[in-house]
Each structure stands twice: as structure tokens, then as C-alpha cells.
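Data from input-v8.cif: mmCIF, C-alpha atoms
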data_upload
#
loop_
_atom_site.label_atom_id
_atom_site.label_comp_id
_atom_site.auth_asym_id
_atom_site.auth_seq_id
_atom_site.Cartn_x
_atom_site.Cartn_y
_atom_site.Cartn_z
CA MET A 621 0.00 0.00 0.00
CA TYR A 622 1.11 3.54 -0.68
CA LYS A 623 2.57 5.02 2.47
CA LEU A 624 2.17 8.72 3.14
CA GLN A 625 5.52 10.48 3.28
CA ASP A 626 4.36 13.47 5.27
CA PRO A 627 0.90 12.98 6.75
CA ILE A 628 1.06 16.15 8.86
CA GLY A 629 2.09 18.40 5.97
CA THR A 630 -0.69 17.15 3.73
CA ARG A 631 -3.49 17.34 6.23
CA ASN A 632 -5.95 19.89 4.97
CA ARG A 633 -7.48 22.54 7.21
CA ALA A 634 -10.06 21.94 9.94
CA TYR A 635 -7.75 19.87 12.05
CA GLY A 636 -7.25 20.21 15.79
CA VAL A 637 -8.52 23.33 17.46
CA SER A 638 -8.16 25.27 14.18
CA GLY A 639 -11.06 23.14 13.00
CA TRP A 640 -13.38 25.04 15.33
CA LYS A 641 -13.09 28.10 13.14
CA ALA A 642 -13.49 26.20 9.87
CA PHE A 643 -16.55 24.39 11.12
CA SER A 644 -18.30 27.38 12.64
CA SER A 645 -17.86 29.43 9.44
CA GLY A 646 -19.77 26.95 7.28
CA PRO A 647 -23.52 26.60 6.72
CA VAL A 648 -25.66 27.52 9.71
CA ARG A 649 -27.04 24.35 11.27
CA LYS A 650 -24.52 23.75 13.99
CA ALA A 651 -26.20 24.63 17.27
CA GLY A 652 -24.41 21.76 19.05
CA MET A 653 -21.00 22.95 17.87
CA TRP A 654 -21.67 26.50 19.10
CA ALA A 655 -22.99 25.21 22.43
CA TRP A 656 -19.80 23.20 22.85
CA ILE A 657 -17.40 26.00 21.85
CA LEU A 658 -19.12 28.44 24.24
CA HIS A 659 -19.02 25.80 26.98
CA ARG A 660 -15.27 25.30 26.50
CA ILE A 661 -14.47 29.02 26.39
CA SER A 662 -16.63 29.85 29.43
CA GLY A 663 -15.06 26.90 31.29
CA LEU A 664 -11.55 28.17 30.56
CA ALA A 665 -12.59 31.67 31.65
CA ILE A 666 -13.87 30.30 34.98
CA ILE A 667 -10.57 28.44 35.57
CA LEU A 668 -8.67 31.68 34.86
CA PHE A 669 -10.87 33.45 37.41
CA LEU A 670 -10.17 30.73 39.99
CA LEU A 671 -6.42 31.33 39.66
CA LEU A 672 -6.87 35.11 39.99
CA HIS A 673 -9.17 34.53 42.95
CA ILE A 674 -6.58 32.39 44.77
CA TRP A 675 -3.92 35.04 44.11
CA GLU A 676 -6.18 37.80 45.42
CA ILE A 677 -7.30 35.93 48.58
CA SER A 678 -3.74 34.79 49.33
CA SER A 679 -2.74 38.46 49.73
CA ALA A 680 -3.80 37.95 53.37
CA ASN A 681 -1.00 35.38 53.71
CA ARG A 682 1.53 37.43 51.81
CA GLY A 683 0.99 40.81 53.51
CA GLY A 684 -1.59 40.41 56.28
CA THR A 685 -4.64 42.64 56.80
CA ASN A 686 -3.11 45.70 55.17
CA LEU A 687 -2.30 44.07 51.85
CA PHE A 688 -5.64 42.27 51.80
CA ASN A 689 -7.58 45.49 52.35
CA GLN A 690 -5.45 47.23 49.71
CA THR A 691 -6.12 44.46 47.20
CA MET A 692 -9.84 44.50 47.88
CA ALA A 693 -9.96 48.28 47.44
CA GLY A 694 -8.06 47.98 44.16
CA LEU A 695 -10.66 45.52 42.86
CA LYS A 696 -13.33 48.27 42.95
CA ALA A 697 -11.79 49.79 39.80
CA PRO A 698 -14.12 49.75 36.73
CA LEU A 699 -11.79 47.35 34.88
CA TYR A 700 -12.38 44.67 37.52
CA VAL A 701 -16.13 45.31 37.63
CA VAL A 702 -16.26 44.70 33.88
CA GLY A 703 -14.13 41.58 34.35
CA GLU A 704 -16.49 40.33 37.04
CA TRP A 705 -19.43 40.96 34.71
CA LEU A 706 -17.72 38.81 32.03
CA LEU A 707 -17.22 36.12 34.68
CA PHE A 708 -20.92 36.39 35.47
CA LEU A 709 -21.78 35.76 31.77
CA ALA A 710 -19.48 32.73 31.73
CA VAL A 711 -20.87 31.21 34.95
CA VAL A 712 -24.50 31.71 33.87
CA TYR A 713 -24.02 30.09 30.46
CA HIS A 714 -21.71 27.32 31.72
CA GLY A 715 -24.08 26.41 34.54
CA ILE A 716 -27.26 26.33 32.49
CA ASN A 717 -25.68 24.52 29.54
CA GLY A 718 -24.19 22.13 32.11
CA VAL A 719 -27.73 21.10 33.03
CA ARG A 720 -28.42 20.48 29.31
CA LEU A 721 -25.36 18.20 29.16
CA VAL A 722 -26.33 16.31 32.33
CA LEU A 723 -29.75 15.66 30.76
CA PHE A 724 -27.99 14.22 27.68
CA ASP A 725 -25.94 11.92 29.94
CA LEU A 726 -29.21 10.61 31.36
CA ASN A 727 -30.24 10.08 27.71
CA ILE A 728 -32.97 12.71 28.06
CA GLY A 729 -33.69 15.18 25.26
CA VAL A 730 -30.80 14.10 23.02
CA LYS A 731 -33.03 14.38 19.96
CA LYS A 732 -34.20 17.85 21.09
CA GLN A 733 -30.67 19.24 21.51
CA LYS A 734 -31.20 22.28 19.28
CA THR A 735 -34.39 23.35 21.03
CA LEU A 736 -32.64 22.84 24.37
CA PHE A 737 -29.73 25.03 23.20
CA TRP A 738 -32.17 27.86 22.45
CA VAL A 739 -33.78 27.33 25.86
CA VAL A 740 -30.30 27.60 27.45
CA LEU A 741 -29.63 30.83 25.56
CA GLY A 742 -33.05 32.21 26.53
CA LEU A 743 -32.66 31.43 30.23
CA SER A 744 -29.11 32.82 30.18
CA ALA A 745 -30.35 36.05 28.57
CA VAL A 746 -33.03 36.52 31.24
CA LEU A 747 -30.57 35.95 34.10
CA ILE A 748 -27.92 38.15 32.51
CA ALA A 749 -30.42 40.97 31.96
CA ALA A 750 -31.47 40.75 35.62
CA GLY A 751 -27.89 40.63 36.91
CA THR A 752 -26.45 43.33 34.67
CA SER A 753 -28.39 46.10 36.47
CA ALA A 754 -26.58 45.15 39.70
CA PHE A 755 -23.22 45.55 37.92
CA LEU A 756 -24.28 48.91 36.45
CA SER A 757 -25.08 50.21 39.95
CA LEU A 758 -21.50 49.30 40.98
CA LEU A 759 -20.07 51.33 38.11
CA VAL A 760 -22.17 54.48 38.63
CA MET B 1176 -28.82 28.37 -13.59
CA ALA B 1177 -25.60 29.86 -14.89
CA ASP B 1178 -22.34 27.96 -15.38
CA LEU B 1179 -20.62 26.74 -12.25
CA ASP B 1180 -17.40 28.11 -10.86
CA VAL B 1181 -15.81 25.07 -9.23
CA LYS B 1182 -12.74 25.26 -7.01
CA VAL B 1183 -11.20 21.85 -6.36
CA PHE B 1184 -8.51 20.90 -3.84
CA ARG B 1185 -5.51 19.41 -5.68
CA PHE B 1186 -2.52 17.62 -4.21
CA ASP B 1187 -0.20 15.04 -5.71
CA PRO B 1188 2.45 13.82 -3.23
CA ASP B 1189 4.79 12.81 -6.09
CA THR B 1190 5.08 16.27 -7.62
CA ASP B 1191 3.64 18.87 -5.21
CA ASP B 1192 5.05 20.32 -2.00
CA LYS B 1193 1.83 22.03 -1.05
CA PRO B 1194 -1.84 21.62 -1.93
CA ARG B 1195 -3.44 24.11 -4.35
CA TYR B 1196 -6.93 24.95 -5.59
CA ASP B 1197 -7.76 24.62 -9.32
CA THR B 1198 -10.76 26.47 -10.74
CA TYR B 1199 -12.94 24.89 -13.43
CA GLN B 1200 -15.88 26.27 -15.43
CA VAL B 1201 -18.56 23.60 -15.52
CA THR B 1202 -21.72 23.75 -17.67
CA TYR B 1203 -24.73 23.22 -15.42
CA ARG B 1204 -27.53 20.90 -16.41
CA GLU B 1205 -30.73 20.16 -14.53
CA GLY B 1206 -30.37 17.43 -11.92
CA MET B 1207 -26.57 17.70 -11.66
CA THR B 1208 -24.99 16.28 -8.51
CA ILE B 1209 -21.53 17.06 -7.13
CA LEU B 1210 -20.37 13.70 -8.49
CA ASP B 1211 -21.65 14.72 -11.96
CA VAL B 1212 -19.62 17.93 -11.64
CA LEU B 1213 -16.50 15.87 -10.89
CA PHE B 1214 -17.21 13.57 -13.85
CA TYR B 1215 -17.63 16.64 -16.08
CA ILE B 1216 -14.21 17.89 -14.99
CA LEU B 1217 -12.63 14.44 -15.42
CA GLU B 1218 -14.07 13.94 -18.92
CA ASN B 1219 -13.81 17.44 -20.38
CA LEU B 1220 -11.32 19.55 -18.46
CA ASP B 1221 -8.73 17.63 -16.45
CA GLY B 1222 -8.18 13.86 -16.61
CA SER B 1223 -5.73 13.89 -13.72
CA LEU B 1224 -8.31 14.57 -11.00
CA ALA B 1225 -8.52 11.76 -8.42
CA PHE B 1226 -11.64 10.97 -6.40
CA ARG B 1227 -13.42 7.89 -5.03
CA TYR B 1228 -16.88 6.77 -6.10
CA ALA B 1229 -18.69 3.54 -6.88
CA CYS B 1230 -22.46 3.17 -6.57
CA ARG B 1231 -23.70 6.72 -7.38
CA GLU B 1232 -26.76 6.15 -5.21
CA ALA B 1233 -25.65 6.86 -1.62
CA ILE B 1234 -25.17 3.27 -0.51
CA CYS B 1235 -21.44 2.52 -0.92
CA GLY B 1236 -20.09 5.40 1.15
CA ASN B 1237 -17.09 6.07 -1.12
CA CYS B 1238 -17.67 9.65 -2.22
CA ALA B 1239 -17.90 11.53 1.08
CA MET B 1240 -16.13 14.89 0.70
CA TYR B 1241 -16.14 18.43 2.02
CA VAL B 1242 -18.44 20.47 -0.25
CA ASN B 1243 -19.07 24.15 0.50
CA GLY B 1244 -18.07 23.78 4.12
CA LEU B 1245 -19.89 20.58 5.04
CA GLN B 1246 -19.15 16.85 4.88
CA ARG B 1247 -21.50 15.44 2.22
CA LEU B 1248 -21.85 12.53 -0.19
CA ALA B 1249 -20.98 13.84 -3.66
CA CYS B 1250 -23.52 11.55 -5.33
CA LYS B 1251 -26.39 12.57 -3.07
CA THR B 1252 -25.80 16.33 -3.08
CA GLN B 1253 -27.74 18.26 -5.73
CA VAL B 1254 -25.89 21.33 -6.98
CA LYS B 1255 -29.27 23.12 -7.01
CA ASP B 1256 -29.67 22.59 -3.25
CA LEU B 1257 -26.45 24.48 -2.52
CA LYS B 1258 -28.14 27.62 -3.92
CA THR B 1259 -24.90 29.02 -5.34
CA THR B 1260 -22.90 28.69 -8.55
CA GLU B 1261 -19.62 28.85 -6.64
CA LEU B 1262 -18.55 25.41 -5.43
CA PHE B 1263 -15.66 24.46 -3.16
CA ILE B 1264 -14.81 20.76 -3.27
CA GLU B 1265 -12.23 19.48 -0.79
CA PRO B 1266 -11.24 16.11 0.71
CA LEU B 1267 -12.64 15.15 4.13
CA PRO B 1268 -11.00 17.41 6.74
CA SER B 1269 -8.78 15.95 9.48
CA LEU B 1270 -7.82 12.88 7.44
CA PRO B 1271 -4.46 12.56 5.64
CA VAL B 1272 -4.69 13.24 1.89
CA ILE B 1273 -3.40 10.57 -0.49
CA LYS B 1274 -4.15 12.46 -3.71
CA ASP B 1275 -6.60 15.26 -4.56
CA LEU B 1276 -9.95 14.26 -3.02
CA VAL B 1277 -8.82 10.81 -1.88
CA VAL B 1278 -8.10 10.50 1.85
CA ASP B 1279 -6.43 7.76 3.87
CA LEU B 1280 -9.18 5.90 5.77
CA ASP B 1281 -6.88 3.35 7.47
CA SER B 1282 -7.40 4.79 10.96
CA PHE B 1283 -11.15 4.98 10.37
CA PHE B 1284 -11.51 1.34 9.33
CA GLY B 1285 -8.93 0.16 11.88
CA LYS B 1286 -11.14 1.53 14.66
CA TYR B 1287 -14.22 0.04 13.03
CA VAL B 1288 -12.60 -3.43 13.06
CA SER B 1289 -11.48 -2.97 16.68
CA ILE B 1290 -15.05 -2.92 18.02
CA LYS B 1291 -15.69 -6.41 16.49
CA PRO B 1292 -18.41 -5.46 14.00
CA TYR B 1293 -19.91 -8.93 13.66
CA LEU B 1294 -22.45 -11.02 15.53
CA ILE B 1295 -21.10 -13.00 18.50
CA PRO B 1296 -23.91 -15.34 19.58
CA ALA B 1297 -24.20 -16.55 23.17
CA GLU B 1298 -24.71 -20.21 22.28
CA SER B 1299 -23.99 -22.32 19.17
CA PRO B 1300 -26.02 -21.23 16.13
CA PRO B 1301 -29.55 -22.63 15.78
CA GLU B 1302 -30.26 -25.26 13.13
CA LYS B 1303 -32.42 -22.93 11.05
CA GLU B 1304 -32.37 -19.14 11.18
CA TYR B 1305 -32.06 -16.81 14.17
CA TYR B 1306 -35.40 -15.46 15.22
CA GLN B 1307 -35.59 -11.70 15.68
CA SER B 1308 -38.93 -10.03 16.32
CA GLN B 1309 -39.92 -6.89 14.43
CA SER B 1310 -39.72 -4.79 17.59
CA ASP B 1311 -36.19 -6.11 18.32
CA ARG B 1312 -35.17 -5.28 14.76
CA HIS B 1313 -36.76 -1.84 15.00
CA VAL B 1314 -34.14 -0.80 17.62
CA LEU B 1315 -31.39 -1.32 15.01
CA ASN B 1316 -33.10 0.46 12.11
CA GLU B 1317 -30.91 3.56 12.14
CA ALA B 1318 -27.65 1.86 13.09
CA VAL B 1319 -27.72 -0.68 10.22
CA ASP B 1320 -28.14 2.17 7.73
CA CYS B 1321 -24.56 3.35 8.35
CA ILE B 1322 -22.54 3.09 5.10
CA LEU B 1323 -19.14 3.87 6.70
CA CYS B 1324 -18.52 6.93 4.53
CA GLY B 1325 -16.51 8.74 7.20
CA ALA B 1326 -18.48 12.02 7.13
CA CYS B 1327 -19.22 11.90 10.88
CA TYR B 1328 -15.66 10.89 11.71
CA SER B 1329 -14.31 13.86 9.76
CA SER B 1330 -16.69 16.36 11.38
CA CYS B 1331 -16.05 15.36 15.01
CA PRO B 1332 -13.91 17.81 17.05
CA ALA B 1333 -13.03 14.98 19.46
CA VAL B 1334 -11.50 13.06 16.53
CA TRP B 1335 -9.57 16.19 15.47
CA THR B 1336 -7.77 16.39 18.81
CA ASP B 1337 -7.55 12.71 19.88
CA GLU B 1338 -5.99 10.38 17.31
CA ASP B 1339 -7.07 7.31 19.28
CA TYR B 1340 -10.75 8.26 19.67
CA LEU B 1341 -12.94 5.56 18.12
CA GLY B 1342 -15.25 8.15 16.55
CA PRO B 1343 -19.01 8.19 15.91
CA ALA B 1344 -19.04 5.53 13.15
CA ALA B 1345 -17.27 2.83 15.17
CA LEU B 1346 -19.46 3.63 18.18
CA ILE B 1347 -22.74 3.42 16.23
CA LYS B 1348 -21.60 -0.02 15.01
CA ALA B 1349 -20.73 -0.99 18.61
CA PHE B 1350 -24.30 0.01 19.51
CA ARG B 1351 -25.67 -1.88 16.50
CA PHE B 1352 -24.29 -5.20 17.82
CA TYR B 1353 -24.66 -4.42 21.54
CA ALA B 1354 -28.40 -3.80 21.07
CA ASP B 1355 -28.91 -6.77 18.74
CA SER B 1356 -31.25 -9.30 20.40
CA ARG B 1357 -29.24 -12.20 18.92
CA ASP B 1358 -25.86 -11.02 20.24
CA GLY B 1359 -24.35 -12.56 23.37
CA ALA B 1360 -21.13 -10.60 23.92
CA GLN B 1361 -22.49 -7.49 25.57
CA LYS B 1362 -19.94 -7.44 28.39
CA GLU B 1363 -17.04 -7.71 25.96
CA ARG B 1364 -18.55 -5.06 23.67
CA LEU B 1365 -18.92 -2.60 26.51
CA ASP B 1366 -15.29 -3.23 27.56
CA LEU B 1367 -14.19 -2.38 24.01
CA VAL B 1368 -15.83 1.07 24.03
CA ALA B 1369 -16.17 2.23 27.66
CA HIS B 1370 -12.78 3.89 28.03
CA GLU B 1371 -11.03 7.25 27.70
CA HIS B 1372 -10.70 6.99 23.91
CA GLY B 1373 -14.16 5.51 23.48
CA LEU B 1374 -17.54 6.59 24.83
CA TRP B 1375 -16.23 9.17 27.29
CA ARG B 1376 -14.42 11.16 24.57
CA CYS B 1377 -17.79 12.09 23.06
CA HIS B 1378 -18.66 15.63 24.21
CA THR B 1379 -22.12 15.66 22.59
CA VAL B 1380 -21.23 18.24 19.96
CA PHE B 1381 -23.73 16.71 17.47
CA ASN B 1382 -21.65 17.49 14.35
CA CYS B 1383 -21.92 13.81 13.39
CA VAL B 1384 -25.71 14.01 13.49
CA GLU B 1385 -25.67 17.19 11.38
CA VAL B 1386 -23.53 15.76 8.58
CA CYS B 1387 -24.70 12.12 8.41
CA PRO B 1388 -25.97 11.58 4.83
CA LYS B 1389 -28.18 8.72 6.08
CA GLY B 1390 -29.78 10.76 8.86
CA ILE B 1391 -28.45 8.56 11.69
CA ASP B 1392 -28.64 9.88 15.26
CA ASN B 1393 -25.16 8.79 16.41
CA THR B 1394 -25.28 10.75 19.63
CA SER B 1395 -28.41 9.02 20.94
CA ALA B 1396 -26.72 5.65 20.44
CA ILE B 1397 -23.51 6.82 22.15
CA GLN B 1398 -25.48 8.25 25.09
CA TYR B 1399 -27.37 4.95 25.37
CA LEU B 1400 -24.06 3.05 25.60
CA LYS B 1401 -22.73 5.57 28.16
CA LYS B 1402 -25.79 4.99 30.30
CA GLN B 1403 -25.30 1.22 30.03
CA ALA B 1404 -21.63 1.55 31.03
CA VAL B 1405 -22.50 3.70 34.06
CA GLY B 1406 -25.25 1.26 35.00
CA ARG B 1407 -22.77 -1.60 34.92
CA ALA B 1408 -20.19 0.34 36.98
CA LEU B 1409 -22.87 0.99 39.60
CA GLY B 1410 -23.67 -2.72 39.74
CA MET B 1411 -27.01 -2.45 37.99
CA GLY B 1412 -25.95 -5.06 35.45
CA VAL B 1413 -25.94 -5.02 31.65
CA GLY B 1414 -28.21 -6.57 29.12
CA LYS B 1415 -31.33 -4.50 29.58
CA ARG B 1416 -32.28 -3.50 26.08
CA ALA B 1417 -34.16 -0.34 25.28
CA ALA B 1418 -35.14 1.49 22.14
CA THR B 1419 -33.26 4.72 21.51
#
Could you write out this file's structure as C-alpha cells?
Amino acid sequence: MYKLQDPIGTRNRAYGVSGWKAFSSGPVRKAGMWAWILHRISGLAIILFLLLHIWEISSANRGGTNLFNQTMAGLKAPLYVVGEWLLFLAVVYHGINGVRLVLFDLNIGVKKQKTLFWVVLGLSAVLIAAGTSAFLSLLV
Amino acid sequence: MADLDVKVFRFDPDTDDKPRYDTYQVTYREGMTILDVLFYILENLDGSLAFRYACREAICGNCAMYVNGLQRLACKTQVKDLKTTELFIEPLPSLPVIKDLVVDLDSFFGKYVSIKPYLIPAESPPEKEYYQSQSDRHVLNEAVDCILCGACYSSCPAVWTDEDYLGPAALIKAFRFYADSRDGAQKERLDLVAHEHGLWRCHTVFNCVEVCPKGIDNTSAIQYLKKQAVGRALGMGVGKRAAT
């Protein structure tokens, strides 16, 4: 049989993570793909927050009460409020879509996955709209 | 419909360093499929184009390719349905290219063989035929339709990033025999798929369901097997059959 000399070099596009872009730019009937990409990105964002959170809380260990109070005061800056709002978006979507995925693992609603994705987006939008006013009051 | 502007992925490992795209002007006629377009190019414009085909009626699974951004069977895809005169024809993404539109399916079929895609009866075969009731057969209706074209395998992001992942096609075949009322090797079958590179690598992205030219719901079958595997791990036993 003919053996490929350079399988990596001749792979066409849409391979590995670069495939995400290729697939999401094609015809629009890929609700599941979008749900998954958003789930991954929001999950990574939450992990990033966790690391920042540990760093911020550990200021009490590094510099005692003074440094902790300083750090907490610094976090009132608008940049961090916006960051916290982005975290809020990620947690809302990741949590609600997580329920959708748990249902799939119980073999419930697998055939209704697109409808469920729209339900997830709808519920997320309602919660985000309700929560955003709280963030706006922090900024003003 | 006007003439078609067809861009085709070309690569010949003997002469080319890099792939390129050749553009062909193809005269449209009513009822033309993507496979007809490729035949038109082969017969009138460029005899060196390589692609796989056999049955021309969506049952052999040879002509799966990436047409205008989606894995499709060339013989089953009407040019009219694409609603454009600009066509992009490429080999299945994520698989190594042998020449032009021909991809290397060794890994795909290797994984298919690994799940033992044949009946393993519990006892010695009966003297006449195996009895299977209509309702038992009904459970397998979708799974037996699979023609092993590789469209789902090529569209799956878990396959893109895990070379050892069995993929949707091998798993639907694992389901096809696991759920068969005549099969007696359920424990062994579950062992073959319930591991890191098997069932649990499926992240329910549903790309396989979107692209399957036979309309098979791969994900339902995979989720069914996952549930069976969890049930067994929790000591609830295997062997309970249920329709998907």
C-alpha cells in the first residue's frame, strides 16, 4: 500500500482546534458545535478566574490585613467590575448549559438538543439581563 | 442556472510540495450532482483529477467529501440545493490526503474493526435461522443504515484532537451489535468502548448528526451506551435493552 511520506504536511485545514473556526464558518445548522465551543471558552474563563481569585485571597498570607484590604480596594476599579461581569456571563451560560449536558448523559432530550440550546440561551439572557443592572449600579 | 465556478482541492504527493486549488468552469444541467460535476471535470477539463466513487446512489459510502463547508456525499448532493454557482470541493477534513480528493481511511476502518463489528452469539447457532422479532429489529433500524462513509468521523472535534478516539461511526456499530437481540457478547462489547478513547471522549457536539448523509442519530446511540456503562459500573448489570 502507498505510504504517506508526510501525513502532517498534507493534512488539509479543519484539524485540531483550528477546525473550530473552519466548522463554525460553514452553513448555519450547527447549534451543538456553538454550544460546545461556548461551553469550552466559558469553562476556561472560569478556571482563569479561579487562579486570579486564589492570588487575590492569598494576599492575606503574603501581607496580612493591610495588603488584603489594599487588594480588595483595588478591585473596585471599573476594569475589575467589567471583568467580574464577564465572569458572570461565563458562569450563567456554563451552569445552564451544564444542566443540558447532564440531561444528555441521562439520555434525556438528546433528539431535542437544538431546542434545548435555544432554551439555554433564553434562560441565560433573562438571568444576565437581571444581573447586569446590579453591575451597572457598581459602576455608577 | 448559470455555469458553475468550481474550485477543487488538488494535491499530488509525487510532484507537489503544497496543496493548491484549481478552478474549473462547468456547464450546469438540470439534476446535476456534485459527483456529476467531478465527472464533467474528469471527462472534459482535467483527466488527472482523483476521487473515489462507486455506486452513485448513496449506498457505498465512497464519495464523502467536504463540499461548500460541510461533509456530504458527492452523489447525493444536488448542486441546485447548494443555492450558489460557486462550489468548493475538498477532501474530508482531518484525514491525511493521499491524492486530490482521496483520503487515507486506514485509521477509520482500523477503529471500526477494533469494536468487532460482527455477531457473537451466546450459544452455538440454531439449526435454522435466528429469530428476531420486528420490535427487536426496530431498535437497530438507524444503526444498520450506516454506510461507513466517514463524514461523521471527519466532522467530530473529538476526533480532530484525539488520534485514538474511536469516533461516531465505530461507536454506532458498537451500539448496532450491543443492542442486537441475537448477540451474546455485551460485556465484551462494553469493555471495548467504555474507556477514555471511546464513549467518554464524546462531548455531545452533534456534528456527526448534522452531517450524516443517512440521517443517523449517532449521539443518541452513544449516550445509550454511556448509560449502560455507568449502570454496569454501579452494579445495575448489563443486558437490559431499550429502544433509543
(request) Return as number ranges by chain the residues belonging to chain B that are within 9 Å of chain A, counting all atoms listed in the file. (result) B: 1186, 1188, 1192-1194, 1243-1245, 1265-1273, 1279, 1330, 1332-1337, 1378-1382, 1385, 1392, 1394-1395, 1398-1399, 1401-1402, 1419
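Atom CA of Ile1234 of chain B lies 26.1 Å from atom CA of Val1201 of chain B.
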(message) Evaluate the PyMOL selection byres ((chain B and resi 1178-1183) around 8) against this structure - the residues, as a list in words, please.
(response) Met1176, Ala1177, Phe1184, Arg1185, Tyr1196, Asp1197, Thr1198, Tyr1199, Gln1200, Val1201, Thr1202, Tyr1203, Thr1260, Glu1261, Leu1262, Phe1263, Ile1264 and Glu1265 of chain B
Restricting the output to C-alpha atoms, write the selected residues as a CSV table (one decimal), in the frame of the given file.
chain,number,residue,atom,x,y,z
B,1176,MET,CA,-28.8,28.4,-13.6
B,1177,ALA,CA,-25.6,29.9,-14.9
B,1184,PHE,CA,-8.5,20.9,-3.8
B,1185,ARG,CA,-5.5,19.4,-5.7
B,1196,TYR,CA,-6.9,25.0,-5.6
B,1197,ASP,CA,-7.8,24.6,-9.3
B,1198,THR,CA,-10.8,26.5,-10.7
B,1199,TYR,CA,-12.9,24.9,-13.4
B,1200,GLN,CA,-15.9,26.3,-15.4
B,1201,VAL,CA,-18.6,23.6,-15.5
B,1202,THR,CA,-21.7,23.8,-17.7
B,1203,TYR,CA,-24.7,23.2,-15.4
B,1260,THR,CA,-22.9,28.7,-8.6
B,1261,GLU,CA,-19.6,28.8,-6.6
B,1262,LEU,CA,-18.6,25.4,-5.4
B,1263,PHE,CA,-15.7,24.5,-3.2
B,1264,ILE,CA,-14.8,20.8,-3.3
B,1265,GLU,CA,-12.2,19.5,-0.8
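Using only C-alpha atoms, the smallest distance between any of B:Cys1235, B:Leu1280, B:Leu1224, B:Leu1248 and Thr1208 of chain B comes from B:Leu1248.
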(request) Go through B:Arg1195, B:Arg1312, B:Arg1204, B:Arg1227 one by one, measure the shortest atom-to-atom distance of each to Val1254 of chain B using all atoms listed in the file, and give the residue with the smallest value. (result) B:Arg1204
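Atom pair atom CA of Cys1250 of chain B / atom CA of Ile1209 of chain B: separated by 6.1 Å.
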